[in-house]
Amino acid sequence: MSTIRDRGLVKWQAALIMPEHKALNKKLGEVDYFLNKKPILDEYQVEEFENNINYAMEYHLPIRFRLHNEGNQQKFHGYCVYIHPVTKELRIQKKDSSFEYIQFNEIIDVIVED
């Protein structure tokens with residue numbers, strides 16, 4: 001009488017796993033599929049953002065930004081003090097009088113608080 005010796009999933013795995021294979025498997029396991037992709041903005045939305053920022057700077061109004069940073073969305077609040085034209089970087093003054101720098105291409109939404 002012979003018994004069947006089924007090894008389950010072991011028979012489908014490699015007999016030898018190299019360090020490169022192990023590192024690749026670990027890297028593939030770390031991919032977060034729940035990160036949000038940056039929405040595609042058309043030129044009218046970008047122009048509206050620019051107009052809102054200029055309006056807020058002119059009348060010194062607070063602005064709420066929604067930013068896309070490495071797959072995560074962040075909300076940011078403050079006053080826009082300066083726009084660097086070459087690097088397209090905004091200098092934002094927070095409530096505690098500290099400054100934060102934001103890249104214009106990270107902006108998803110701009111809301112001026114009247």
# chains A, B, ... in the order shown; residues from 1 in each chain; ligands from 1

call {"tool": "residues_around", "arguments": {"residues": "region 85-91 of chain A", "least_positions_apart": "3", "cutoff": "7 Å", "atoms": "only C-alpha atoms", "output": "list of chain:residue names"}}
result
A:Cys80, A:Val81, A:Tyr82, A:Phe99, A:Glu100, A:Tyr101, A:Ile102, A:Gln103, A:Phe104

call {"tool": "select_by_dssp", "arguments": {"residues": "region 29-114 of chain A", "states": "strand (DSSP E or B)", "output": "PyMOL selection string"}}
result
chain A and resi 63-69+72-84+89-93+99-103+107-112

call {"tool": "atom_distance", "arguments": {"atom1": "CA of Glu113 (chain A)", "atom2": "CA of Asn72 (chain A)"}}
result
23.5 Å

call {"tool": "closest_residue", "arguments": {"among": "A:Ile108, A:Glu47, A:Ile83, A:Ile63", "to": "Lys95 (chain A)", "atoms": "only C-alpha atoms"}}
result
A:Ile63

call {"tool": "residues_around", "arguments": {"residues": "Arg66 (chain A)", "least_positions_apart": "5", "cutoff": "6 Å", "atoms": "only C-alpha atoms", "output": "tab-separated table (two decimals) with N, CA and C atoms, in the first residue's frame"}}
result
chain	number	residue	atom	x	y	z
A	74	GLN	N	-2.33	65.99	1.68
A	74	GLN	CA	-2.17	66.76	2.90
A	74	GLN	C	-2.96	68.04	2.78
A	75	LYS	N	-3.47	68.51	3.89
A	75	LYS	CA	-4.13	69.81	3.92
A	75	LYS	C	-3.19	70.79	4.60
A	108	ILE	N	-3.12	70.49	-5.39
A	108	ILE	CA	-4.30	69.87	-5.98
A	108	ILE	C	-5.48	70.83	-5.95
A	109	ASP	N	-5.59	71.59	-4.85
A	109	ASP	CA	-6.74	72.50	-4.70
A	109	ASP	C	-6.31	73.69	-3.88

call {"tool": "closest_residue", "arguments": {"among": "A:Ile4, A:Ala23, A:Leu67, A:Ile111", "to": "Pro39 (chain A)", "atoms": "only C-alpha atoms"}}
result
A:Leu67

call {"tool": "closest_residue", "arguments": {"among": "A:Ile17, A:Ile92, A:Lys26, A:His77", "to": "Met57 (chain A)", "atoms": "only C-alpha atoms"}}
result
A:Ile92

call {"tool": "atom_distance", "arguments": {"atom1": "CA of Leu35 (chain A)", "atom2": "CA of Lys22 (chain A)"}}
result
24.1 Å
